[in-house]
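**Student:** Attaching a single structure in structure tokens format; questions to follow.
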Amino acid sequence: MSDANRKAGVLIVASNREDRRVLFDSFDGAEFEAIYTARDVVQAHGLLSQDPDLALIFVEFLDPYAEMEGLCRLLAGHPRWRKVPRIGVLPVGALPPGSQGGPDAPVVSWIKSPVSAAEALRQAREVMMQSTSIAPVDSGNWLEHLEMPAVIVDPASDKLLKVNHRALELLHIEADALPHQSSRLLIGELPAFRPESLGLGETRIDTGAGPRLVGLATVGLNDGQQLVMLTASGSASSPIELLAQLTRTGIDSAAVPPVLKRLIADYGLDLFYVCIERGGNETEPQVLAAYPRNSDGGMHSVWQTDVYRRVLSSAEISVAQDAATLQPEALLKQMRLQSLCAAPMFGEGQRAIGALIAGSRKPQPRAAELLSVLRLVGSHLAMQALVSRFRSDSRYQGLHDSLTRLPNRLLFNDRLQTALAEAGRSGELFAVLFVDLDRFKTINDSLGHSVGDQVLIGVSKRLRASVRASDTIARYAGDEFTVVLRHIVQRDDVLRVADKIVRVLETPLTLSDGRELQITASIGISFYPDDGTDAETLLKHADVAMYSAKGLGRNTYQAYVAVPEESHRQRLDLETKLRVAERNNELRAYYQPQMDALTEDILGMEALLRWEHPELGLISPGFFIPIAEETGLIVPIGEWILRVACMDTKRWIDRFQLPLRVSVNLSALQLRQPNLVDIVASALRDANLPAEYLDLEVTESINIKDIPNLMDLLSALRELGCHIAIDDFGTGQSSLDYIKRFPADRIKIDQTFVRNIGVDPADEAIVKATIDMARTMERIVVAEGVETEDHFKFLSAHGCQELQGYLFCRPLPATSFENMLAERAKLVAEIQG
């Protein structure tokens, strides 16, 4: 990057949170002075109003594209930023840029969503090198250099002050006639706008070749003047062309709005609404199209009219003229409509599920044709709506992985429990497989997340093809897949399936750009009932076997063996590696945010221990923590995570001025340390962290008989100023009297119960009872394992105060967590500013 650009910043305008985060992480620390992020045009204008020095701009285009197209055209014509290169982000399923229905904006390059960090950086380097050779343009004549029709208007005098040549051609006027033209008569009423944002609207103008629908984007200038940019819609040559364009959208509802805009333009419509009933207790329909909106930007309540109710009862309406007279409707008279056409949208069983209503202020000579078009458009939109409802079904979404469409961990655990119950009755043998992709982190880091996603999708398809329909495959977490093989006769059958999966997965995978990628997997196998009679044990032993497979060189499978000499050697080898992990800087502190259930803002975070071995990669905590506890290594490791968490928290409190609490787990061995209070005090003192910001978590299952002075110890920690939390609540055997005497400030509901919300009524009852009990005891409730919107709604409705889980954020390394806090701080500053 050039020296001139190194001190400038990057502006990222993206509605997709994951794309925004990838772009932020990509350019954070890449020699840019600042990274500005905005989720929409309003926020972007707020940032631009601060007159930042920019070297690069990313703009994500989500259909409808008008707002982002207007922003790019504004930037292209602005003297301050016109030379700053703009890169567009194209959403999934979007039509090609510049094509009919695709985005059309002055950007120098395009990248696709989901954004690849490597691709974004490559494009940035290229366009910034090219931008240094762009010749300067006379800023005094900047209006003429706008790449679209544009005029400058004085609303007070209703005059056109300046017009570029593109606008003269569109408006079909001569330059010498400008002083005599009324801006309102020529281009209609201007859309309302705020000084820091873009005003958007539509109007119909006479171009000399008949009426034409035109989009307006308005920006405030000095002295009350306004810059108005105009975008003329295309015109379909026939209804067949319009319907063909609609058909090409398939089931992609995001590609429909441009087609509906053409329909409005082709038939000269002054009213066009598409509504579909939501069902249930909802009184208002879902509005798929609303033209025009009322003066304050809201929608006209067409669904409250008799016309809408008649159409919803399966009636059609076609009135070519005198509609306001023949259809006594206040809305029609208010809008002075002369013609009206309306058609129902039919769902299953020919039941009307919505309506299309179209009207004009002039007679409609093509009324019969328009009605036919509405029927076909309605049929297509009804199909899209039904598909969308299926896809958005909360239960389906809550139980399946959004990327691979495989069952998620929640559904897998439910099916594993079902298999256990049936096997307990029938005595059948079944197997659990843990499939872990080898070196997947390297693929993500070197080739980008978009390639990683392609790998996960490809692996899921190959796994499906490798097992029977009666077997269960799930994406358990990240690059881990789990399989339940049912109704097996002998163990060798499972080994043959595992071998088949290894061979299938090692076949090169062809990526979307034609490249081939070699992937392999390590598989661990456990059998019911030989290796376990409950879900936790079977999964743990399959996980152990999977790491044994990795230890043999990866790209193989291993069945769990209880006490083999080789397994014992591998365990000793891992214990040896763990003993030097801290000294070799292999331990990592990860943080998962804890959120306020009401505001959804961050209150604190839980510090989680990770081990990243240079050869074995990230090793599962469920694998090395038990070894650490058995060998006593958990004591020094526990002190390490405590000290690191305190230092990180103090740094973030100072930087972001947030009262963040950090939660750190204490093991049973740590609680037996006679000097534990001194260790905690030392960690707080060295980090200069007030004790009130430290929560110490104690597992409910810890037996007071094993630690006789437990109550005194916890009381001493509270006197130090720390807070105490009961972790994994509901999994132990504690009496209510024990819980009442336990000196705790918080109760953390175990994720086992939370993940079964919406699946198991008994677990739902346990969660509700825990929340009620904690409220009675005046203790705060934290729910772990919140993964779906259904979990969130249930817990919020029943009064759970704090939430933690993948729905909000996965555990993050300290650097990534700090970047997330920085992004939050920027958003808060924009809102308050």
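Chain lettering (A, B, ...) mirrors the order of the structure tokens, residue numbering begins at 1 for each chain separately, and ligand numbering begins at 1 in order of display.
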If we count only C-alpha atoms, what is near Arg583 (chain A) at a cut-off of 12 Å, once residues fewer than 4 positions away on the same chain are taken out, given as a PyMOL selection string?
**Tutor:** chain A and resi 577-579+587+636-637+640
**Student:** Output all heavy atoms for every residue in that selection, as a PDB file, in the first residue's frame.
**Tutor:**
ATOM      1  N   LYS A 577       3.263 -33.480  27.433  1.00  0.00           N
ATOM      2  CA  LYS A 577       3.118 -32.250  26.650  1.00  0.00           C
ATOM      3  C   LYS A 577       2.366 -31.180  27.447  1.00  0.00           C
ATOM      4  O   LYS A 577       2.676 -29.989  27.371  1.00  0.00           O
ATOM      5  CB  LYS A 577       2.376 -32.544  25.343  1.00  0.00           C
ATOM      6  CG  LYS A 577       3.171 -33.353  24.329  1.00  0.00           C
ATOM      7  CD  LYS A 577       2.341 -33.570  23.057  1.00  0.00           C
ATOM      8  CE  LYS A 577       3.166 -34.175  21.933  1.00  0.00           C
ATOM      9  NZ  LYS A 577       3.605 -35.530  22.209  1.00  0.00           N
ATOM     10  N   LEU A 578       1.369 -31.610  28.219  1.00  0.00           N
ATOM     11  CA  LEU A 578       0.583 -30.661  28.996  1.00  0.00           C
ATOM     12  C   LEU A 578       1.423 -30.004  30.094  1.00  0.00           C
ATOM     13  O   LEU A 578       1.215 -28.839  30.434  1.00  0.00           O
ATOM     14  CB  LEU A 578      -0.637 -31.364  29.600  1.00  0.00           C
ATOM     15  CG  LEU A 578      -1.630 -30.498  30.380  1.00  0.00           C
ATOM     16  CD1 LEU A 578      -2.174 -29.371  29.502  1.00  0.00           C
ATOM     17  CD2 LEU A 578      -2.776 -31.360  30.919  1.00  0.00           C
ATOM     18  N   ARG A 579       2.381 -30.735  30.630  1.00  0.00           N
ATOM     19  CA  ARG A 579       3.209 -30.202  31.707  1.00  0.00           C
ATOM     20  C   ARG A 579       4.051 -29.008  31.257  1.00  0.00           C
ATOM     21  O   ARG A 579       4.426 -28.159  32.066  1.00  0.00           O
ATOM     22  CB  ARG A 579       4.120 -31.299  32.275  1.00  0.00           C
ATOM     23  CG  ARG A 579       3.381 -32.348  33.086  1.00  0.00           C
ATOM     24  CD  ARG A 579       4.315 -33.344  33.731  1.00  0.00           C
ATOM     25  NE  ARG A 579       3.567 -34.360  34.475  1.00  0.00           N
ATOM     26  CZ  ARG A 579       3.094 -34.189  35.707  1.00  0.00           C
ATOM     27  NH1 ARG A 579       3.322 -33.049  36.335  1.00  0.00           N
ATOM     28  NH2 ARG A 579       2.413 -35.146  36.299  1.00  0.00           N
ATOM     29  N   LEU A 587      -0.947 -22.341  26.013  1.00  0.00           N
ATOM     30  CA  LEU A 587      -2.268 -22.143  26.606  1.00  0.00           C
ATOM     31  C   LEU A 587      -2.881 -20.858  26.067  1.00  0.00           C
ATOM     32  O   LEU A 587      -2.192 -19.869  25.823  1.00  0.00           O
ATOM     33  CB  LEU A 587      -2.163 -22.084  28.129  1.00  0.00           C
ATOM     34  CG  LEU A 587      -1.651 -23.342  28.822  1.00  0.00           C
ATOM     35  CD1 LEU A 587      -1.610 -23.132  30.324  1.00  0.00           C
ATOM     36  CD2 LEU A 587      -2.501 -24.556  28.463  1.00  0.00           C
ATOM     37  N   PRO A 636      -1.714 -25.127  38.741  1.00  0.00           N
ATOM     38  CA  PRO A 636      -0.969 -24.031  38.089  1.00  0.00           C
ATOM     39  C   PRO A 636      -1.679 -23.499  36.846  1.00  0.00           C
ATOM     40  O   PRO A 636      -1.624 -22.296  36.569  1.00  0.00           O
ATOM     41  CB  PRO A 636       0.380 -24.665  37.742  1.00  0.00           C
ATOM     42  CG  PRO A 636       0.131 -26.135  37.718  1.00  0.00           C
ATOM     43  CD  PRO A 636      -0.926 -26.389  38.735  1.00  0.00           C
ATOM     44  N   ILE A 637      -2.346 -24.392  36.087  1.00  0.00           N
ATOM     45  CA  ILE A 637      -3.066 -23.946  34.891  1.00  0.00           C
ATOM     46  C   ILE A 637      -4.233 -23.040  35.290  1.00  0.00           C
ATOM     47  O   ILE A 637      -4.493 -22.020  34.647  1.00  0.00           O
ATOM     48  CB  ILE A 637      -3.558 -25.155  34.072  1.00  0.00           C
ATOM     49  CG1 ILE A 637      -2.376 -25.868  33.422  1.00  0.00           C
ATOM     50  CG2 ILE A 637      -4.559 -24.725  33.010  1.00  0.00           C
ATOM     51  CD1 ILE A 637      -2.752 -27.146  32.693  1.00  0.00           C
ATOM     52  N   TRP A 640      -2.988 -19.687  36.093  1.00  0.00           N
ATOM     53  CA  TRP A 640      -2.613 -18.960  34.859  1.00  0.00           C
ATOM     54  C   TRP A 640      -3.833 -18.302  34.216  1.00  0.00           C
ATOM     55  O   TRP A 640      -3.799 -17.119  33.873  1.00  0.00           O
ATOM     56  CB  TRP A 640      -1.968 -19.942  33.873  1.00  0.00           C
ATOM     57  CG  TRP A 640      -1.598 -19.297  32.569  1.00  0.00           C
ATOM     58  CD1 TRP A 640      -0.435 -18.660  32.266  1.00  0.00           C
ATOM     59  CD2 TRP A 640      -2.429 -19.216  31.399  1.00  0.00           C
ATOM     60  NE1 TRP A 640      -0.481 -18.175  30.980  1.00  0.00           N
ATOM     61  CE2 TRP A 640      -1.685 -18.495  30.420  1.00  0.00           C
ATOM     62  CE3 TRP A 640      -3.708 -19.660  31.078  1.00  0.00           C
ATOM     63  CZ2 TRP A 640      -2.196 -18.225  29.145  1.00  0.00           C
ATOM     64  CZ3 TRP A 640      -4.231 -19.391  29.810  1.00  0.00           C
ATOM     65  CH2 TRP A 640      -3.487 -18.686  28.866  1.00  0.00           C
TER      66      TRP A 640
END
**Student:** Neighbouring residues of region 598-613 of chain A were defined as those with any atom within 7 Å, considering only C-alpha atoms; residues of the same chain fewer than 3 positions away were excluded. Please report them as an NGL selection string.
**Tutor:** :A and (586-595 or 616-619 or 621 or 641 or 645 or 660-664)
**Student:** Considering only C-alpha atoms, state which residue in the set A:Leu160, A:Met345, A:Leu23, A:Leu411 is at the smallest distance from Leu11 (chain A).
**Tutor:**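 Among the listed residues, A:Leu23 lies closest to Leu11 (chain A).
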**Student:** For Ser682 (chain A), list every protein, DNA or RNA residue within 12 Å, evaluated using only C-alpha atoms, and leave out those in the same chain fewer than 5 positions away; present the list as a ChimeraX atom specification.
**Tutor:** /A:639,642-643,646-647,675-677,687-691,720
**Student:** I want to know what sits within 9 Å of Val151 (chain A), based on only C-alpha atoms, with residues of the same chain fewer than 6 positions away left out; could you give that as a PyMOL selection string?
**Tutor:** chain A and resi 143+160-164+167+226-230
**Student:** Tell me, as a JSON list (two decimals) with all heavy atoms, in the first residue's frame, which residues lie within 12 Å of Val459 (chain A), counting only C-alpha atoms; anything in the same chain fewer than 6 positions away does not count.
**Tutor:**
[["chain", "number", "residue", "atom", "x", "y", "z"],
["A", 403, "LEU", "N", -25.73, -23.80, 7.60],
["A", 403, "LEU", "CA", -24.83, -23.94, 6.45],
["A", 403, "LEU", "C", -25.02, -25.27, 5.73],
["A", 403, "LEU", "O", -25.22, -25.31, 4.51],
["A", 403, "LEU", "CB", -23.38, -23.78, 6.90],
["A", 403, "LEU", "CG", -22.31, -23.95, 5.82],
["A", 403, "LEU", "CD1", -22.42, -22.82, 4.80],
["A", 403, "LEU", "CD2", -20.92, -23.98, 6.44],
["A", 404, "THR", "N", -24.95, -26.37, 6.46],
["A", 404, "THR", "CA", -24.99, -27.70, 5.84],
["A", 404, "THR", "C", -26.38, -28.31, 5.79],
["A", 404, "THR", "O", -26.59, -29.30, 5.11],
["A", 404, "THR", "CB", -24.07, -28.66, 6.62],
["A", 404, "THR", "OG1", -24.59, -28.80, 7.96],
["A", 404, "THR", "CG2", -22.65, -28.11, 6.69],
["A", 406, "LEU", "N", -27.64, -29.96, 7.99],
["A", 406, "LEU", "CA", -27.63, -31.19, 8.79],
["A", 406, "LEU", "C", -28.23, -30.92, 10.17],
["A", 406, "LEU", "O", -28.29, -29.76, 10.61],
["A", 406, "LEU", "CB", -26.20, -31.68, 8.98],
["A", 406, "LEU", "CG", -25.46, -32.25, 7.77],
["A", 406, "LEU", "CD1", -24.02, -32.57, 8.15],
["A", 406, "LEU", "CD2", -26.15, -33.50, 7.23],
["A", 435, "VAL", "N", -16.28, -37.45, 13.72],
["A", 435, "VAL", "CA", -15.52, -37.19, 12.50],
["A", 435, "VAL", "C", -14.95, -35.77, 12.59],
["A", 435, "VAL", "O", -15.71, -34.79, 12.62],
["A", 435, "VAL", "CB", -16.40, -37.32, 11.24],
["A", 435, "VAL", "CG1", -15.58, -37.10, 9.98],
["A", 435, "VAL", "CG2", -17.09, -38.68, 11.21],
["A", 436, "ASP", "N", -13.64, -35.65, 12.63],
["A", 436, "ASP", "CA", -12.99, -34.34, 12.76],
["A", 436, "ASP", "C", -12.10, -34.10, 11.54],
["A", 436, "ASP", "O", -11.24, -34.92, 11.21],
["A", 436, "ASP", "CB", -12.14, -34.30, 14.04],
["A", 436, "ASP", "CG", -11.55, -32.92, 14.28],
["A", 436, "ASP", "OD1", -12.23, -32.09, 14.92],
["A", 436, "ASP", "OD2", -10.43, -32.68, 13.83],
["A", 437, "LEU", "N", -12.30, -32.97, 10.87],
["A", 437, "LEU", "CA", -11.51, -32.66, 9.68],
["A", 437, "LEU", "C", -10.09, -32.28, 10.09],
["A", 437, "LEU", "O", -9.89, -31.47, 11.00],
["A", 437, "LEU", "CB", -12.15, -31.51, 8.89],
["A", 437, "LEU", "CG", -13.59, -31.75, 8.42],
["A", 437, "LEU", "CD1", -14.03, -30.61, 7.52],
["A", 437, "LEU", "CD2", -13.72, -33.08, 7.69],
["A", 440, "PHE", "N", -8.32, -28.26, 9.46],
["A", 440, "PHE", "CA", -9.34, -27.37, 8.89],
["A", 440, "PHE", "C", -9.04, -25.91, 9.21],
["A", 440, "PHE", "O", -9.32, -25.01, 8.40],
["A", 440, "PHE", "CB", -10.72, -27.76, 9.44],
["A", 440, "PHE", "CG", -11.83, -26.92, 8.90],
["A", 440, "PHE", "CD1", -12.31, -27.12, 7.62],
["A", 440, "PHE", "CD2", -12.41, -25.91, 9.65],
["A", 440, "PHE", "CE1", -13.33, -26.34, 7.10],
["A", 440, "PHE", "CE2", -13.43, -25.13, 9.15],
["A", 440, "PHE", "CZ", -13.90, -25.35, 7.88],
["A", 452, "GLY", "N", -13.69, -22.45, 3.42],
["A", 452, "GLY", "CA", -14.02, -23.34, 4.54],
["A", 452, "GLY", "C", -15.46, -23.78, 4.51],
["A", 452, "GLY", "O", -15.77, -24.96, 4.77],
["A", 453, "ASP", "N", -16.37, -22.85, 4.18],
["A", 453, "ASP", "CA", -17.79, -23.20, 4.09],
["A", 453, "ASP", "C", -18.02, -24.21, 2.97],
["A", 453, "ASP", "O", -18.84, -25.13, 3.11],
["A", 453, "ASP", "CB", -18.62, -21.95, 3.86],
["A", 453, "ASP", "CG", -18.73, -21.08, 5.11],
["A", 453, "ASP", "OD1", -18.33, -21.56, 6.18],
["A", 453, "ASP", "OD2", -19.21, -19.95, 5.00],
["A", 465, "ALA", "N", -23.95, -39.48, 1.76],
["A", 465, "ALA", "CA", -23.89, -40.55, 0.76],
["A", 465, "ALA", "C", -23.22, -41.81, 1.29],
["A", 465, "ALA", "O", -23.28, -42.86, 0.64],
["A", 465, "ALA", "CB", -23.16, -40.04, -0.48],
["A", 466, "SER", "N", -22.58, -41.73, 2.45],
["A", 466, "SER", "CA", -21.80, -42.86, 2.97],
["A", 466, "SER", "C", -22.57, -43.72, 3.96],
["A", 466, "SER", "O", -22.10, -44.80, 4.33],
["A", 466, "SER", "CB", -20.52, -42.35, 3.64],
["A", 466, "SER", "OG", -19.73, -41.61, 2.73],
["A", 473, "ILE", "N", -26.62, -38.10, 10.87],
["A", 473, "ILE", "CA", -25.38, -37.33, 10.72],
["A", 473, "ILE", "C", -25.67, -35.93, 11.21],
["A", 473, "ILE", "O", -26.72, -35.36, 10.91],
["A", 473, "ILE", "CB", -24.93, -37.26, 9.25],
["A", 473, "ILE", "CG1", -24.85, -38.65, 8.64],
["A", 473, "ILE", "CG2", -23.59, -36.55, 9.13],
["A", 473, "ILE", "CD1", -24.73, -38.63, 7.14],
["A", 474, "ALA", "N", -24.74, -35.33, 11.95],
["A", 474, "ALA", "CA", -24.95, -33.98, 12.47],
["A", 474, "ALA", "C", -23.65, -33.20, 12.38],
["A", 474, "ALA", "O", -22.55, -33.76, 12.42],
["A", 474, "ALA", "CB", -25.42, -34.03, 13.93],
["A", 475, "ARG", "N", -23.81, -31.88, 12.21],
["A", 475, "ARG", "CA", -22.66, -31.00, 12.38],
["A", 475, "ARG", "C", -22.66, -30.62, 13.85],
["A", 475, "ARG", "O", -23.48, -29.84, 14.30],
["A", 475, "ARG", "CB", -22.76, -29.76, 11.49],
["A", 475, "ARG", "CG", -21.52, -28.87, 11.60],
["A", 475, "ARG", "CD", -21.64, -27.62, 10.78],
["A", 475, "ARG", "NE", -20.47, -26.77, 10.97],
["A", 475, "ARG", "CZ", -20.42, -25.49, 10.62],
["A", 475, "ARG", "NH1", -21.47, -24.91, 10.06],
["A", 475, "ARG", "NH2", -19.33, -24.79, 10.83],
["A", 479, "ASP", "N", -15.77, -27.82, 12.79],
["A", 479, "ASP", "CA", -15.40, -28.82, 11.76],
["A", 479, "ASP", "C", -15.60, -30.24, 12.28],
["A", 479, "ASP", "O", -14.99, -31.17, 11.77],
["A", 479, "ASP", "CB", -13.95, -28.62, 11.32],
["A", 479, "ASP", "CG", -12.98, -28.76, 12.48],
["A", 479, "ASP", "OD1", -13.39, -28.59, 13.64],
["A", 479, "ASP", "OD2", -11.81, -29.07, 12.22],
["A", 480, "GLU", "N", -16.43, -30.40, 13.31],
["A", 480, "GLU", "CA", -16.70, -31.72, 13.88],
["A", 480, "GLU", "C", -18.08, -32.21, 13.46],
["A", 480, "GLU", "O", -19.06, -31.48, 13.59],
["A", 480, "GLU", "CB", -16.61, -31.68, 15.41],
["A", 480, "GLU", "CG", -15.22, -31.40, 15.95],
["A", 480, "GLU", "CD", -15.21, -31.33, 17.47],
["A", 480, "GLU", "OE1", -16.28, -31.11, 18.06],
["A", 480, "GLU", "OE2", -14.13, -31.47, 18.04],
["A", 481, "PHE", "N", -18.13, -33.44, 12.97],
["A", 481, "PHE", "CA", -19.39, -34.08, 12.63],
["A", 481, "PHE", "C", -19.55, -35.33, 13.49],
["A", 481, "PHE", "O", -18.56, -35.97, 13.86],
["A", 481, "PHE", "CB", -19.40, -34.48, 11.14],
["A", 481, "PHE", "CG", -19.32, -33.31, 10.20],
["A", 481, "PHE", "CD1", -18.10, -32.74, 9.88],
["A", 481, "PHE", "CD2", -20.46, -32.76, 9.64],
["A", 481, "PHE", "CE1", -18.02, -31.66, 9.02],
["A", 481, "PHE", "CE2", -20.39, -31.68, 8.78],
["A", 481, "PHE", "CZ", -19.17, -31.12, 8.46],
["A", 501, "ILE", "N", -15.87, -43.91, 4.84],
["A", 501, "ILE", "CA", -15.92, -42.45, 5.02],
["A", 501, "ILE", "C", -14.52, -41.85, 4.83],
["A", 501, "ILE", "O", -14.37, -40.82, 4.16],
["A", 501, "ILE", "CB", -16.48, -42.10, 6.41],
["A", 501, "ILE", "CG1", -17.96, -42.48, 6.49],
["A", 501, "ILE", "CG2", -16.31, -40.61, 6.70],
["A", 501, "ILE", "CD1", -18.56, -42.30, 7.88],
["A", 502, "VAL", "N", -13.50, -42.48, 5.40],
["A", 502, "VAL", "CA", -12.12, -41.98, 5.25],
["A", 502, "VAL", "C", -11.74, -41.94, 3.78],
["A", 502, "VAL", "O", -11.18, -40.95, 3.29],
["A", 502, "VAL", "CB", -11.14, -42.86, 6.05],
["A", 502, "VAL", "CG1", -9.70, -42.53, 5.67],
["A", 502, "VAL", "CG2", -11.35, -42.68, 7.54],
["A", 504, "VAL", "N", -13.75, -41.87, 1.11],
["A", 504, "VAL", "CA", -14.58, -40.91, 0.37],
["A", 504, "VAL", "C", -14.11, -39.49, 0.60],
["A", 504, "VAL", "O", -14.03, -38.67, -0.33],
["A", 504, "VAL", "CB", -16.07, -41.07, 0.77],
["A", 504, "VAL", "CG1", -16.89, -39.89, 0.26],
["A", 504, "VAL", "CG2", -16.64, -42.36, 0.20],
["A", 505, "LEU", "N", -13.79, -39.17, 1.86],
["A", 505, "LEU", "CA", -13.41, -37.80, 2.18],
["A", 505, "LEU", "C", -12.05, -37.42, 1.62],
["A", 505, "LEU", "O", -11.79, -36.24, 1.35],
["A", 505, "LEU", "CB", -13.43, -37.58, 3.70],
["A", 505, "LEU", "CG", -14.80, -37.61, 4.37],
["A", 505, "LEU", "CD1", -14.66, -37.31, 5.87],
["A", 505, "LEU", "CD2", -15.75, -36.60, 3.75],
["A", 506, "GLU", "N", -11.16, -38.39, 1.45],
["A", 506, "GLU", "CA", -9.81, -38.04, 0.96],
["A", 506, "GLU", "C", -9.79, -37.78, -0.55],
["A", 506, "GLU", "O", -8.79, -37.32, -1.09],
["A", 506, "GLU", "CB", -8.81, -39.11, 1.34],
["A", 506, "GLU", "CG", -8.99, -40.43, 0.59],
["A", 506, "GLU", "CD", -7.98, -41.48, 1.02],
["A", 506, "GLU", "OE1", -7.15, -41.18, 1.88],
["A", 506, "GLU", "OE2", -8.03, -42.60, 0.49],
["A", 507, "THR", "N", -10.88, -38.06, -1.25],
["A", 507, "THR", "CA", -10.98, -37.72, -2.67],
["A", 507, "THR", "C", -10.95, -36.20, -2.81],
["A", 507, "THR", "O", -11.67, -35.49, -2.10],
["A", 507, "THR", "CB", -12.28, -38.26, -3.28],
["A", 507, "THR", "OG1", -12.35, -39.68, -3.04],
["A", 507, "THR", "CG2", -12.36, -37.98, -4.77],
["A", 508, "PRO", "N", -10.13, -35.65, -3.71],
["A", 508, "PRO", "CA", -10.03, -34.19, -3.85],
["A", 508, "PRO", "C", -11.40, -33.54, -4.05],
["A", 508, "PRO", "O", -12.23, -34.04, -4.80],
["A", 508, "PRO", "CB", -9.13, -34.00, -5.07],
["A", 508, "PRO", "CG", -8.30, -35.25, -5.11],
["A", 508, "PRO", "CD", -9.20, -36.34, -4.62],
["A", 509, "LEU", "N", -11.60, -32.42, -3.37],
["A", 509, "LEU", "CA", -12.86, -31.67, -3.45],
["A", 509, "LEU", "C", -12.68, -30.51, -4.43],
["A", 509, "LEU", "O", -11.72, -29.73, -4.32],
["A", 509, "LEU", "CB", -13.22, -31.12, -2.06],
["A", 509, "LEU", "CG", -14.49, -30.28, -1.96],
["A", 509, "LEU", "CD1", -15.72, -31.13, -2.17],
["A", 509, "LEU", "CD2", -14.55, -29.59, -0.60],
["A", 510, "THR", "N", -13.58, -30.40, -5.41],
["A", 510, "THR", "CA", -13.50, -29.32, -6.40],
["A", 510, "THR", "C", -14.24, -28.09, -5.87],
["A", 510, "THR", "O", -15.43, -28.16, -5.56],
["A", 510, "THR", "CB", -14.11, -29.76, -7.74],
["A", 510, "THR", "OG1", -13.42, -30.93, -8.20],
["A", 510, "THR", "CG2", -13.96, -28.65, -8.78],
["A", 517, "LEU", "N", -9.03, -29.34, -3.79],
["A", 517, "LEU", "CA", -8.50, -29.26, -2.43],
["A", 517, "LEU", "C", -8.52, -30.66, -1.81],
["A", 517, "LEU", "O", -9.54, -31.35, -1.85],
["A", 517, "LEU", "CB", -9.35, -28.30, -1.59],
["A", 517, "LEU", "CG", -8.85, -27.97, -0.18],
["A", 517, "LEU", "CD1", -7.51, -27.24, -0.26],
["A", 517, "LEU", "CD2", -9.87, -27.11, 0.55],
["A", 518, "GLN", "N", -7.37, -31.05, -1.25],
["A", 518, "GLN", "CA", -7.27, -32.34, -0.59],
["A", 518, "GLN", "C", -7.65, -32.19, 0.87],
["A", 518, "GLN", "O", -7.07, -31.37, 1.59],
["A", 518, "GLN", "CB", -5.84, -32.87, -0.69],
["A", 518, "GLN", "CG", -5.65, -34.29, -0.17],
["A", 518, "GLN", "CD", -6.11, -35.33, -1.18],
["A", 518, "GLN", "OE1", -5.87, -35.19, -2.36],
["A", 518, "GLN", "NE2", -6.76, -36.38, -0.70],
["A", 519, "ILE", "N", -8.64, -32.95, 1.31],
["A", 519, "ILE", "CA", -9.04, -32.91, 2.71],
["A", 519, "ILE", "C", -9.03, -34.34, 3.26],
["A", 519, "ILE", "O", -9.26, -35.30, 2.52],
["A", 519, "ILE", "CB", -10.44, -32.29, 2.90],
["A", 519, "ILE", "CG1", -11.47, -33.02, 2.03],
["A", 519, "ILE", "CG2", -10.44, -30.82, 2.61],
["A", 519, "ILE", "CD1", -12.88, -32.60, 2.30],
["A", 520, "THR", "N", -8.75, -34.44, 4.54],
["A", 520, "THR", "CA", -8.80, -35.74, 5.21],
["A", 520, "THR", "C", -9.50, -35.58, 6.55],
["A", 520, "THR", "O", -9.72, -34.46, 7.01],
["A", 520, "THR", "CB", -7.39, -36.32, 5.44],
["A", 520, "THR", "OG1", -6.65, -35.41, 6.27],
["A", 520, "THR", "CG2", -6.65, -36.51, 4.12],
["A", 521, "ALA", "N", -9.83, -36.70, 7.16],
["A", 521, "ALA", "CA", -10.52, -36.66, 8.45],
["A", 521, "ALA", "C", -10.01, -37.77, 9.35],
["A", 521, "ALA", "O", -9.54, -38.81, 8.89],
["A", 521, "ALA", "CB", -12.03, -36.82, 8.25]]
**Student:** One decimal, in Å: what's the spacing between CA of Asn584 (chain A) and CA of Asp543 (chain A)?
**Tutor:**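 We find that CA of Asn584 (chain A) and CA of Asp543 (chain A) lie 25.1 Å from each other.
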**Student:** Tell me, as an NGL selection string, which residues lie within 12 Å of Gly448 (chain A), counting only C-alpha atoms; anything in the same chain fewer than 2 positions away does not count.
**Tutor:** :A and (22-23 or 26 or 113-122 or 440-446 or 450-455)
**Student:** Hey, what's within 8 Å of Gln286 (chain A) if we count only C-alpha atoms and toss same-chain stuff fewer than 2 positions away? As an MDAnalysis selection string, please?
**Tutor:** chainID A and resid 275:278 284 288
**Student:** CA of Val698 (chain A) and CA of Gly758 (chain A) are how many Å apart?
**Tutor:** 28.1 Å
